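One file, work_7.cif, is given below (mmCIF, C-alpha atoms).
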data_query
#
loop_
_atom_site.label_atom_id
_atom_site.label_comp_id
_atom_site.auth_asym_id
_atom_site.auth_seq_id
_atom_site.Cartn_x
_atom_site.Cartn_y
_atom_site.Cartn_z
CA MET N 1 23.25 1.55 -4.52
CA LYS N 2 21.45 1.61 -7.83
CA ILE N 3 17.82 1.01 -6.86
CA ALA N 4 14.87 0.25 -9.13
CA VAL N 5 11.56 1.40 -7.65
CA LEU N 6 8.81 -0.46 -9.47
CA GLY N 7 5.58 1.50 -9.16
CA GLY N 8 7.53 4.59 -8.07
CA ASP N 9 4.79 6.99 -9.23
CA GLY N 10 2.37 5.72 -6.58
CA PHE N 11 1.24 6.71 -3.09
CA VAL N 12 4.14 5.02 -1.27
CA GLY N 13 6.47 4.59 -4.25
CA TRP N 14 6.94 8.32 -4.90
CA PRO N 15 7.97 9.41 -1.37
CA THR N 16 10.16 6.29 -1.15
CA SER N 17 11.93 7.29 -4.36
CA LEU N 18 12.59 10.79 -3.01
CA HIS N 19 13.78 9.45 0.35
CA LEU N 20 16.26 7.04 -1.24
CA SER N 21 17.48 9.63 -3.72
CA GLU N 22 18.21 12.10 -0.94
CA ALA N 23 20.08 9.34 0.92
CA GLY N 24 22.49 9.20 -2.03
CA HIS N 25 21.21 6.22 -4.02
CA GLU N 26 20.81 6.19 -7.80
CA VAL N 27 17.05 5.79 -8.20
CA HIS N 28 15.23 4.48 -11.28
CA ILE N 29 11.42 4.55 -11.30
CA VAL N 30 9.80 1.86 -13.44
CA ASP N 31 6.05 2.36 -13.83
CA ASN N 32 3.27 1.88 -16.39
CA LEU N 33 1.32 4.83 -14.89
CA SER N 34 -1.75 2.59 -14.50
CA ARG N 35 -2.82 4.35 -11.30
CA ARG N 36 -3.31 7.56 -13.31
CA TRP N 37 -5.41 5.65 -15.85
CA ILE N 38 -7.54 4.28 -13.01
CA ASP N 39 -8.14 7.88 -11.90
CA THR N 40 -9.55 8.50 -15.37
CA GLU N 41 -11.62 5.33 -15.26
CA LEU N 42 -13.15 6.19 -11.88
CA GLY N 43 -13.59 9.86 -12.76
CA VAL N 44 -11.85 11.05 -9.61
CA GLN N 45 -8.45 12.67 -9.16
CA SER N 46 -5.99 12.84 -6.29
CA LEU N 47 -7.05 15.50 -3.78
CA THR N 48 -3.57 16.99 -4.17
CA PRO N 49 -2.75 18.16 -7.72
CA MET N 50 -0.10 15.93 -9.29
CA ASP N 51 2.21 16.84 -12.15
CA SER N 52 3.43 14.27 -14.65
CA ILE N 53 6.11 11.91 -13.39
CA GLN N 54 8.61 13.58 -15.73
CA GLU N 55 7.84 17.01 -14.25
CA ARG N 56 8.05 15.65 -10.70
CA CYS N 57 11.51 14.25 -11.44
CA ARG N 58 12.57 17.57 -13.03
CA ILE N 59 11.48 19.54 -9.96
CA TRP N 60 13.38 17.12 -7.70
CA HIS N 61 16.55 17.70 -9.74
CA GLN N 62 15.95 21.46 -9.65
CA GLU N 63 15.59 21.45 -5.87
CA THR N 64 18.33 18.97 -4.94
CA GLY N 65 20.68 18.49 -7.87
CA ARG N 66 19.88 14.77 -7.78
CA ARG N 67 18.33 12.89 -10.67
CA ILE N 68 15.57 10.29 -10.55
CA HIS N 69 15.28 8.38 -13.83
CA PHE N 70 11.90 7.27 -15.19
CA HIS N 71 11.21 4.24 -17.41
CA LEU N 72 7.78 3.40 -18.84
CA ILE N 73 7.40 -0.40 -18.62
CA ASP N 74 4.37 -2.59 -17.92
CA LEU N 75 5.73 -5.40 -15.72
CA ALA N 76 2.67 -7.59 -16.18
CA LYS N 77 2.64 -7.44 -20.00
CA GLU N 78 6.13 -6.54 -21.20
CA TYR N 79 8.29 -9.36 -19.88
CA GLU N 80 11.00 -9.19 -22.56
CA ILE N 81 11.35 -5.42 -22.18
CA LEU N 82 11.58 -5.78 -18.40
CA LYS N 83 14.17 -8.56 -18.67
CA LYS N 84 16.30 -6.53 -21.11
CA TRP N 85 16.10 -3.44 -18.90
CA LEU N 86 17.17 -5.37 -15.79
CA ASP N 87 20.03 -6.99 -17.70
CA GLU N 88 21.27 -3.63 -18.97
CA GLU N 89 20.86 -1.60 -15.79
CA LYS N 90 21.68 -4.34 -13.25
CA PRO N 91 20.21 -2.63 -10.15
CA ASP N 92 21.64 -3.62 -6.77
CA ALA N 93 18.18 -3.61 -5.21
CA ILE N 94 14.59 -3.66 -6.47
CA ILE N 95 11.61 -2.33 -4.54
CA HIS N 96 8.36 -3.79 -5.84
CA PHE N 97 5.30 -1.55 -5.43
CA ALA N 98 3.93 -2.27 -8.90
CA GLU N 99 0.57 -3.82 -8.01
CA GLN N 100 -3.05 -2.67 -7.95
CA ARG N 101 -3.33 -1.84 -4.25
CA ALA N 102 -6.98 -1.23 -3.39
CA ALA N 103 -9.20 -3.96 -1.92
CA PRO N 104 -12.49 -2.19 -2.84
CA TYR N 105 -11.33 -1.65 -6.44
CA SER N 106 -10.46 -5.35 -6.69
CA MET N 107 -14.04 -6.23 -5.69
CA LYS N 108 -15.97 -3.79 -7.92
CA SER N 109 -16.83 -6.31 -10.63
CA ASP N 110 -15.62 -9.47 -12.32
CA ARG N 111 -13.54 -7.30 -14.67
CA HIS N 112 -11.78 -5.62 -11.75
CA LYS N 113 -11.12 -8.98 -10.10
CA ASN N 114 -9.57 -10.32 -13.30
CA TYR N 115 -7.47 -7.20 -13.79
CA THR N 116 -6.15 -7.28 -10.22
CA VAL N 117 -5.12 -10.94 -10.43
CA SER N 118 -3.63 -10.61 -13.92
CA ASN N 119 -1.73 -7.41 -13.15
CA ASN N 120 -0.45 -8.28 -9.68
CA VAL N 121 0.46 -11.94 -10.08
CA ASN N 122 1.95 -11.56 -13.57
CA ALA N 123 3.99 -8.54 -12.51
CA THR N 124 5.48 -10.40 -9.56
CA HIS N 125 6.17 -13.60 -11.47
CA ASN N 126 7.63 -11.80 -14.49
CA LEU N 127 10.03 -10.00 -12.18
CA LEU N 128 11.14 -13.16 -10.38
CA ASN N 129 11.43 -15.09 -13.64
CA ALA N 130 13.58 -12.35 -15.21
CA LEU N 131 15.93 -12.17 -12.22
CA VAL N 132 16.59 -15.91 -12.51
CA GLU N 133 16.94 -15.86 -16.29
CA ILE N 134 19.62 -13.13 -16.33
CA ASP N 135 21.20 -14.34 -13.07
CA LEU N 136 20.85 -10.96 -11.36
CA ASP N 137 21.60 -11.13 -7.63
CA ALA N 138 19.59 -8.05 -6.63
CA HIS N 139 17.88 -7.74 -3.24
CA LEU N 140 14.13 -7.69 -3.88
CA VAL N 141 12.01 -5.79 -1.35
CA HIS N 142 8.27 -6.26 -1.84
CA LEU N 143 5.50 -4.17 -0.31
CA GLY N 144 2.89 -6.62 0.86
CA THR N 145 0.05 -6.15 3.31
CA MET N 146 -1.04 -7.12 6.81
CA GLY N 147 -4.30 -8.13 5.11
CA VAL N 148 -2.85 -11.51 4.08
CA TYR N 149 -3.31 -12.59 7.70
CA GLY N 150 -7.00 -11.74 7.73
CA TYR N 151 -8.71 -10.14 10.71
CA SER N 152 -9.98 -13.06 12.74
CA THR N 153 -9.60 -13.14 16.50
CA ILE N 154 -7.57 -16.07 17.80
CA GLY N 155 -6.24 -14.53 21.00
CA ALA N 156 -2.59 -14.63 19.95
CA ALA N 157 -0.11 -12.18 18.41
CA ILE N 158 0.46 -12.50 14.67
CA PRO N 159 4.15 -13.36 14.14
CA GLU N 160 6.36 -11.84 11.46
CA GLY N 161 5.64 -14.14 8.59
CA TYR N 162 6.41 -17.53 10.06
CA LEU N 163 4.71 -19.75 12.60
CA ASN N 164 6.69 -22.34 14.53
CA VAL N 165 4.66 -25.56 14.70
CA GLY N 166 5.20 -29.06 15.99
CA VAL N 167 4.41 -31.84 13.51
CA GLU N 168 3.90 -35.37 14.75
CA THR N 169 6.02 -37.88 12.81
CA LEU N 170 5.20 -41.52 12.02
CA ASP N 171 7.18 -42.71 15.04
CA GLY N 172 5.17 -40.50 17.38
CA SER N 173 7.87 -37.89 17.96
CA VAL N 174 7.28 -34.19 17.30
CA LYS N 175 9.39 -32.22 14.85
CA ASP N 176 9.54 -28.42 14.94
CA MET N 177 9.28 -26.51 11.69
CA ASP N 178 8.60 -22.96 10.51
CA ILE N 179 5.69 -22.51 8.10
CA LEU N 180 4.24 -19.40 6.49
CA TYR N 181 1.54 -18.06 8.79
CA PRO N 182 -1.78 -19.30 7.31
CA THR N 183 -3.31 -16.68 5.05
CA ARG N 184 -6.94 -15.62 5.22
CA PRO N 185 -7.26 -12.92 2.53
CA GLY N 186 -10.29 -10.69 2.78
CA SER N 187 -10.44 -9.54 -0.85
CA VAL N 188 -9.11 -10.40 -4.31
CA TYR N 189 -6.37 -7.82 -3.77
CA HIS N 190 -5.30 -9.48 -0.51
CA MET N 191 -5.46 -12.85 -2.26
CA THR N 192 -2.89 -11.70 -4.84
CA LYS N 193 -0.55 -10.67 -2.03
CA SER N 194 -1.00 -14.12 -0.51
CA LEU N 195 -0.06 -15.66 -3.87
CA ASP N 196 3.02 -13.41 -3.93
CA GLN N 197 4.18 -15.08 -0.72
CA ILE N 198 4.13 -18.52 -2.35
CA LEU N 199 5.99 -17.23 -5.40
CA PHE N 200 8.66 -15.69 -3.18
CA GLN N 201 9.02 -18.86 -1.14
CA PHE N 202 9.52 -20.96 -4.28
CA TYR N 203 12.07 -18.68 -5.97
CA ALA N 204 14.04 -18.21 -2.75
CA GLN N 205 14.36 -21.96 -2.14
CA ASN N 206 14.69 -23.00 -5.79
CA ASP N 207 16.92 -20.26 -7.20
CA GLY N 208 18.40 -18.55 -4.18
CA LEU N 209 16.78 -15.16 -4.78
CA ARG N 210 17.24 -12.73 -1.89
CA ILE N 211 13.79 -11.46 -0.97
CA THR N 212 12.28 -9.32 1.80
CA ASP N 213 8.48 -9.18 2.07
CA LEU N 214 7.01 -6.27 4.02
CA HIS N 215 3.52 -6.90 5.41
CA GLN N 216 2.41 -3.30 5.74
CA GLY N 217 -0.46 -1.79 7.69
CA ILE N 218 -2.77 0.97 6.45
CA VAL N 219 -0.76 4.06 5.52
CA TRP N 220 -1.93 7.47 6.72
CA GLY N 221 -0.56 11.00 6.33
CA THR N 222 0.53 12.90 3.25
CA HIS N 223 3.89 14.59 3.73
CA THR N 224 7.41 13.28 4.18
CA GLU N 225 10.49 15.41 4.73
CA GLN N 226 11.19 15.31 0.99
CA THR N 227 7.69 16.02 -0.35
CA ARG N 228 7.61 19.23 1.72
CA ARG N 229 10.49 20.70 -0.26
CA HIS N 230 8.36 21.97 -3.12
CA GLU N 231 4.62 22.08 -3.76
CA GLN N 232 5.03 20.14 -7.02
CA LEU N 233 6.66 17.26 -5.11
CA ILE N 234 3.53 16.69 -3.03
CA ASN N 235 2.34 13.12 -2.67
CA ARG N 236 -0.98 11.92 -4.04
CA PHE N 237 -3.91 11.87 -1.61
CA ASP N 238 -6.79 9.50 -2.32
CA TYR N 239 -10.14 10.22 -0.68
CA ASP N 240 -12.58 8.19 -2.77
CA GLY N 241 -14.37 5.07 -1.60
CA ASP N 242 -12.09 2.73 -3.54
CA TYR N 243 -8.59 4.06 -2.93
CA GLY N 244 -8.81 6.33 0.10
CA THR N 245 -7.38 4.69 3.23
CA VAL N 246 -9.64 4.79 6.28
CA LEU N 247 -7.94 7.43 8.45
CA ASN N 248 -7.16 9.76 5.54
CA ARG N 249 -10.79 9.40 4.42
CA PHE N 250 -12.07 10.31 7.88
CA LEU N 251 -9.89 13.42 7.90
CA ILE N 252 -10.97 14.62 4.44
CA GLN N 253 -14.61 13.92 5.29
CA SER N 254 -14.36 16.07 8.39
CA ALA N 255 -12.54 18.83 6.48
CA ILE N 256 -15.32 19.20 3.88
CA GLY N 257 -18.27 18.81 6.26
CA TYR N 258 -19.08 15.29 5.08
CA PRO N 259 -20.18 12.78 7.73
CA ILE N 260 -17.45 10.42 8.91
CA THR N 261 -18.57 7.09 7.46
CA VAL N 262 -18.20 4.11 9.80
CA HIS N 263 -19.33 0.81 8.30
CA GLY N 264 -20.93 -1.81 10.49
CA THR N 265 -20.12 -1.52 14.20
CA GLY N 266 -16.72 0.03 13.57
CA GLY N 267 -15.29 -2.79 15.63
CA GLN N 268 -12.80 -3.78 12.92
CA THR N 269 -9.25 -3.43 14.24
CA ARG N 270 -6.64 -2.36 11.71
CA ALA N 271 -2.86 -1.88 11.74
CA PHE N 272 -1.51 1.57 10.83
CA ILE N 273 1.74 3.25 9.84
CA HIS N 274 2.57 6.87 8.96
CA ILE N 275 3.86 7.51 5.42
CA GLN N 276 7.17 8.80 6.81
CA ASP N 277 7.68 5.59 8.79
CA SER N 278 6.81 3.54 5.72
CA VAL N 279 9.69 5.00 3.70
CA ARG N 280 12.05 4.66 6.67
CA CYS N 281 11.15 0.99 7.07
CA ILE N 282 11.91 0.33 3.41
CA GLU N 283 15.35 1.90 3.83
CA LEU N 284 15.97 -0.21 6.96
CA ALA N 285 14.92 -3.35 5.09
CA LEU N 286 17.35 -2.55 2.27
CA LYS N 287 20.20 -2.44 4.76
CA ASP N 288 19.25 -5.81 6.29
CA ALA N 289 19.17 -8.02 3.20
CA PRO N 290 18.99 -11.81 3.52
CA LYS N 291 21.88 -13.86 2.19
CA ARG N 292 21.60 -16.03 -0.88
CA GLY N 293 19.98 -19.33 0.05
CA GLU N 294 18.17 -17.95 3.11
CA LYS N 295 14.40 -18.07 3.42
CA VAL N 296 12.34 -14.99 2.60
CA LYS N 297 12.73 -12.36 5.31
CA ILE N 298 9.30 -11.10 6.43
CA PHE N 299 8.63 -7.94 8.45
CA ASN N 300 5.32 -6.68 9.86
CA GLN N 301 5.54 -3.05 8.74
CA MET N 302 3.17 -1.33 11.15
CA THR N 303 3.46 0.79 14.29
CA GLU N 304 0.06 0.65 16.02
CA THR N 305 -3.44 -0.82 15.87
CA HIS N 306 -6.81 0.90 16.35
CA ARG N 307 -10.49 0.08 16.07
CA VAL N 308 -12.23 1.95 13.26
CA ARG N 309 -14.88 3.45 15.59
CA ASP N 310 -12.16 4.73 17.94
CA LEU N 311 -10.48 6.50 15.03
CA ALA N 312 -13.80 8.01 13.96
CA GLU N 313 -14.45 9.30 17.48
CA MET N 314 -10.91 10.69 17.68
CA VAL N 315 -11.34 12.61 14.42
CA ALA N 316 -14.84 13.78 15.39
CA LYS N 317 -13.50 15.13 18.68
CA LEU N 318 -10.64 16.88 16.85
CA THR N 319 -12.76 18.44 14.11
CA GLY N 320 -16.35 18.51 15.38
CA ALA N 321 -17.55 16.30 12.52
CA ASP N 322 -20.61 14.05 12.70
CA ILE N 323 -20.37 10.25 12.43
CA ALA N 324 -22.64 8.26 10.09
CA TRP N 325 -23.08 4.55 10.90
CA LEU N 326 -23.61 2.67 7.63
CA PRO N 327 -23.98 -0.93 6.41
CA ASN N 328 -20.61 -2.58 5.76
CA PRO N 329 -19.88 -3.24 2.06
CA ARG N 330 -17.17 -5.74 3.06
CA LYS N 331 -17.68 -9.36 4.08
CA GLU N 332 -15.83 -9.48 7.41
CA ALA N 333 -16.30 -10.01 11.12
CA ALA N 334 -18.14 -7.17 12.83
CA GLU N 335 -15.60 -7.13 15.68
CA ASN N 336 -12.04 -8.37 15.88
CA ASP N 337 -8.86 -7.92 17.86
CA LEU N 338 -5.51 -7.54 16.13
CA ILE N 339 -2.28 -8.15 18.01
CA VAL N 340 0.81 -7.87 15.83
CA LYS N 341 4.49 -8.45 16.45
CA ASN N 342 6.85 -5.87 14.89
CA GLU N 343 10.07 -6.37 16.84
CA GLN N 344 12.32 -6.60 13.78
CA PHE N 345 11.97 -2.99 12.66
CA LEU N 346 12.18 -1.75 16.26
CA ALA N 347 15.42 -3.74 16.64
CA LEU N 348 16.78 -2.07 13.49
CA GLY N 349 16.21 1.36 15.03
CA LEU N 350 12.74 2.48 13.95
CA ASP N 351 11.35 5.21 16.24
CA PRO N 352 7.64 5.00 15.37
CA ILE N 353 5.44 7.99 14.58
CA THR N 354 2.08 7.53 16.28
CA LEU N 355 -1.30 9.21 15.87
CA ALA N 356 -0.22 12.56 17.25
CA GLU N 357 -2.83 15.29 17.06
CA GLY N 358 -0.45 17.63 15.24
CA LEU N 359 0.02 15.21 12.36
CA LEU N 360 -3.73 14.61 12.15
CA GLU N 361 -4.25 18.36 11.95
CA GLU N 362 -1.63 18.53 9.20
CA VAL N 363 -3.71 16.16 7.08
CA VAL N 364 -6.85 18.21 7.79
CA GLU N 365 -5.00 21.35 6.66
CA VAL N 366 -4.01 19.67 3.39
CA SER N 367 -7.61 18.51 2.98
CA LYS N 368 -8.99 22.02 3.49
CA LYS N 369 -6.41 23.58 1.18
CA TYR N 370 -7.43 21.38 -1.74
CA SER N 371 -11.08 20.80 -0.80
CA TYR N 372 -12.19 22.59 -3.99
CA ARG N 373 -10.95 19.50 -5.89
CA VAL N 374 -13.26 17.09 -4.04
CA ASP N 375 -16.07 15.34 -5.90
CA ARG N 376 -18.48 14.60 -3.04
CA SER N 377 -20.27 11.93 -5.08
CA ARG N 378 -17.08 9.83 -5.04
CA VAL N 379 -16.55 9.86 -1.27
CA ALA N 380 -18.93 7.02 -0.38
CA ALA N 381 -17.57 3.45 -0.28
CA VAL N 382 -19.94 1.49 -2.52
CA SER N 383 -17.90 -1.45 -3.88
CA ALA N 384 -19.57 -4.50 -2.33
CA TRP N 385 -17.93 -7.84 -1.61
CA THR N 386 -20.96 -9.92 -2.67
CA LYS N 387 -24.13 -9.41 -4.68
CA GLU N 388 -26.24 -9.79 -1.55
CA ILE N 389 -24.26 -7.14 0.33
CA ALA N 390 -24.60 -4.80 -2.67
CA LYS N 391 -28.34 -4.61 -2.04
CA VAL N 392 -27.87 -2.85 1.32
CA VAL N 393 -24.89 -0.60 0.56
CA GLU N 394 -25.56 3.06 1.40
CA ARG N 395 -24.77 5.12 -1.71
CA ASP N 396 -25.89 8.50 -0.43
CA PRO N 397 -24.63 9.09 3.14
CA GLU N 398 -25.46 12.81 2.89
CA HIS N 399 -29.02 12.07 1.70
CA ARG N 400 -28.62 14.66 -1.04
CA ASN N 401 -30.76 12.74 -3.51
CA LEU N 402 -33.66 12.00 -1.16
CA LYS N 403 -36.94 13.58 -2.19
CA SER N 404 -40.01 14.10 -0.07
CA VAL N 405 -43.00 11.95 -0.96
CA SER N 406 -46.45 13.54 -0.53
#

Please go through the file and, once you have read it, give me the structure as C-alpha cells.
Amino acid sequence: MKIAVLGGDGFVGWPTSLHLSEAGHEVHIVDNLSRRWIDTELGVQSLTPMDSIQERCRIWHQETGRRIHFHLIDLAKEYEILKKWLDEEKPDAIIHFAEQRAAPYSMKSDRHKNYTVSNNVNATHNLLNALVEIDLDAHLVHLGTMGVYGYSTIGAAIPEGYLNVGVETLDGSVKDMDILYPTRPGSVYHMTKSLDQILFQFYAQNDGLRITDLHQGIVWGTHTEQTRRHEQLINRFDYDGDYGTVLNRFLIQSAIGYPITVHGTGGQTRAFIHIQDSVRCIELALKDAPKRGEKVKIFNQMTETHRVRDLAEMVAKLTGADIAWLPNPRKEAAENDLIVKNEQFLALGLDPITLAEGLLEEVVEVSKKYSYRVDRSRVAAVSAWTKEIAKVVERDPEHRNLKSVS
C-alpha cells in the first residue's frame, strides 16, 4: 500500500514509518515538525540525539534500500495544500499521529490550551473534510488515547469503544443500542481526543469514511527492530515533566541518580504498551479495515495495567533508586482501578510484550548512555491542572535550591 503517516517524525510516528517501510509499503511522512519547535520552546531536547527528518530518511535508504518520502505540511493551517497533496498522491491508507500529544503541555497555560485545541481539532477536521471533498476512499487509522475514558472506578471493564445499553421506549419496551462509551477526559489534550471521536462518528455515518480509532495506553521503551539498525535511526526519548511518559521517566530518573517522582499516593492505575507492540498494532489495524458504511472501528491498544507506585517500586528494586512522594499536579482521583478489554488485537494475533526486566534494563542503558544530555532542571513535572494546585506543586524534588536559614 501507499501509506501516509501524518506526524511521522514523532515518538510513535517514526518507528511506525520504519516498520511499515520494511514491510514493503510505500511510506510518505507528512509533518510540520512542530514537536521539534516545542523542544526549542521548552528548552529541552530529546535524551537521544535526533538528526533532521531528511537525514533520518537518507540513513534508512542507505541501510535498507527503501525510501521514505517527507512532506512539510501543517494539517491544522494548510487545508488547501493538504487537500491538493491527498488528491495528487491518493494514499491507500492514512495514519493520523499529527496532534499535540502531552497532557501536561496542554495544561501549562491558557495559550497552551488554545494551541492544543486549535492544532488537534483543526488537523483532524481538515483531514476528514479533505477526504470527503476529493472523494478519497482511504482507510484512516487514528492514534487516540485510553485517557478519553477517564480513570474513575466503576467496577466494570472498559469496552472497546462502544457500550451496549438498553433504552426504554415510549411504549415501555427496551431497545438495545450501541453508544460511544461516555468520555471523561482528564486534560485539554484528552478532551481533543474525545472531540475526535465525535468527528469520526459523524463522517463515518454521513460520508461513509472508513475509520479505525486506536485508544492507546502509555507507551514505554525506546527501540524497535528497525530503530536498532543504525544509531542515527534511534527514536526520540522524552524525559521532561511535560512530554516524558511515566515509566520512561522513572527509568531515566533512576539512571541519573534523580529521585523517582511519584505524585500523590501513586494509586493511579494506567494502561501501558511497549513501543514495539504499538507499531505492530497499527499494522494489524491496517489489515483489518472497516467497510464503507460501517461504524468507526475502535480498539483498546494496550497490553497491561499497573499502579504508578507499583512501577516506582519495581524500578527502585531494579536500580536501587530512591522514591520521592510529591504533591500531584493533576486533578484526578488519588486511587483508581482500571480494567480494560483488548480482545480485538489479541484475536488478530498480537503476542504482547510485557514489563520484562530485560527491556527495562535496556531503557536504563539508553538513559545512561545519553545521560550527559539531561537537563536536571527539566525533569520535574510542574504543569498544574488548576491555579490552586499550582500553589503546592513541588518544583525542586532534589532540593538543590534550598538554602539554610540562620

Please produce, as JSON lines, a per-residue contact table for region 2-35 of chain N versus region 95-108 of chain N (criterion: any atom at most 6 Å away, all atoms listed in the file considered), showing the nearest atom pair and its distance in Å to one decimal, sorted by chain then residue number.
{"residue": "N:Val5", "atom": "CA", "partner": "N:Ile95", "partner_atom": "CA", "distance": 4.9}
{"residue": "N:Leu6", "atom": "CA", "partner": "N:His96", "partner_atom": "CA", "distance": 4.9}
{"residue": "N:Gly7", "atom": "CA", "partner": "N:Ala98", "partner_atom": "CA", "distance": 4.1}

message: Here is a test: counting all atoms listed in the file, which residue of N:Asn126, N:Ser371, N:Ser34, N:Asn300 is nearest to Tyr149 (chain N)?
response: N:Asn300

task: Go ahead and compute the interatomic distance for CA of Val393 (chain N) and CA of Gly241 (chain N), in Å to one decimal.
output: 12.1 Å

task: Excluding Asn120 (chain N) and any residue of its chain fewer than 3 positions from it, enumerate the residues within 12 Å of it, using all atoms listed in the file, and give them as a PyMOL selection string.
output: chain N and resi 7+34+74-77+96-102+106+112-117+123-127+142-144+188-196+199

Taking the file as I've supplied it (selection: the PyMOL selection byres ((chain N and resi 177) around 12)), which residues are included? Please answer as a compact mmCIF listing (two decimals) with C-alpha atoms, in the coordinates of the input.
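Result file is part_4.txt:
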# COMPACT_ATOMS: atom_id res chain seq x y z
CA TYR N 162 6.41 -17.53 10.06
CA LEU N 163 4.71 -19.75 12.60
CA ASN N 164 6.69 -22.34 14.53
CA VAL N 165 4.66 -25.56 14.70
CA GLY N 166 5.20 -29.06 15.99
CA VAL N 167 4.41 -31.84 13.51
CA GLU N 168 3.90 -35.37 14.75
CA THR N 169 6.02 -37.88 12.81
CA VAL N 174 7.28 -34.19 17.30
CA LYS N 175 9.39 -32.22 14.85
CA ASP N 176 9.54 -28.42 14.94
CA ASP N 178 8.60 -22.96 10.51
CA ILE N 179 5.69 -22.51 8.10
CA LEU N 180 4.24 -19.40 6.49
CA TYR N 181 1.54 -18.06 8.79

Padding 8 Å on every side, please: axis-aligned box over the listed atoms of region 233-240 of chain N, centre and edge lengths to one decimal in Å, as AutoDock Vina command-line options.
--center_x -3.0 --center_y 12.7 --center_z -2.9 --size_x 35.2 --size_y 25.1 --size_z 20.4

field: For CA of Met314 (chain N) and CA of Val340 (chain N), the interatomic separation in Å (one decimal)
entry: 22.0 Å

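CA of Glu388 (chain N) to CA of Asp242 (chain N) spans 19.0 Å [interatomic distance, one decimal].
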
Picked residues, the PyMOL selection byres ((chain N and resi 68) around 12), as a PyMOL selection string: chain N and resi 2-5+8-9+14-22+24-30+53-62+64-67+69-71

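Taking all atoms listed in the file into account, Leu42 (chain N) lies nearest to N:Asp238 out of the set N:Leu355, N:Ile323, N:Lys391, N:Asp238.
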
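Checking N:Pro91, N:Gly293, N:Gly172, N:Pro185 one by one against Gln201 (chain N), counting all atoms listed in the file, you find the shortest gap at N:Gly293.
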
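Of the listed residues (N:Ile218, N:Val374, N:Ala321, N:Leu82), N:Ala321 comes nearest to Phe250 (chain N); the distances count all atoms listed in the file.
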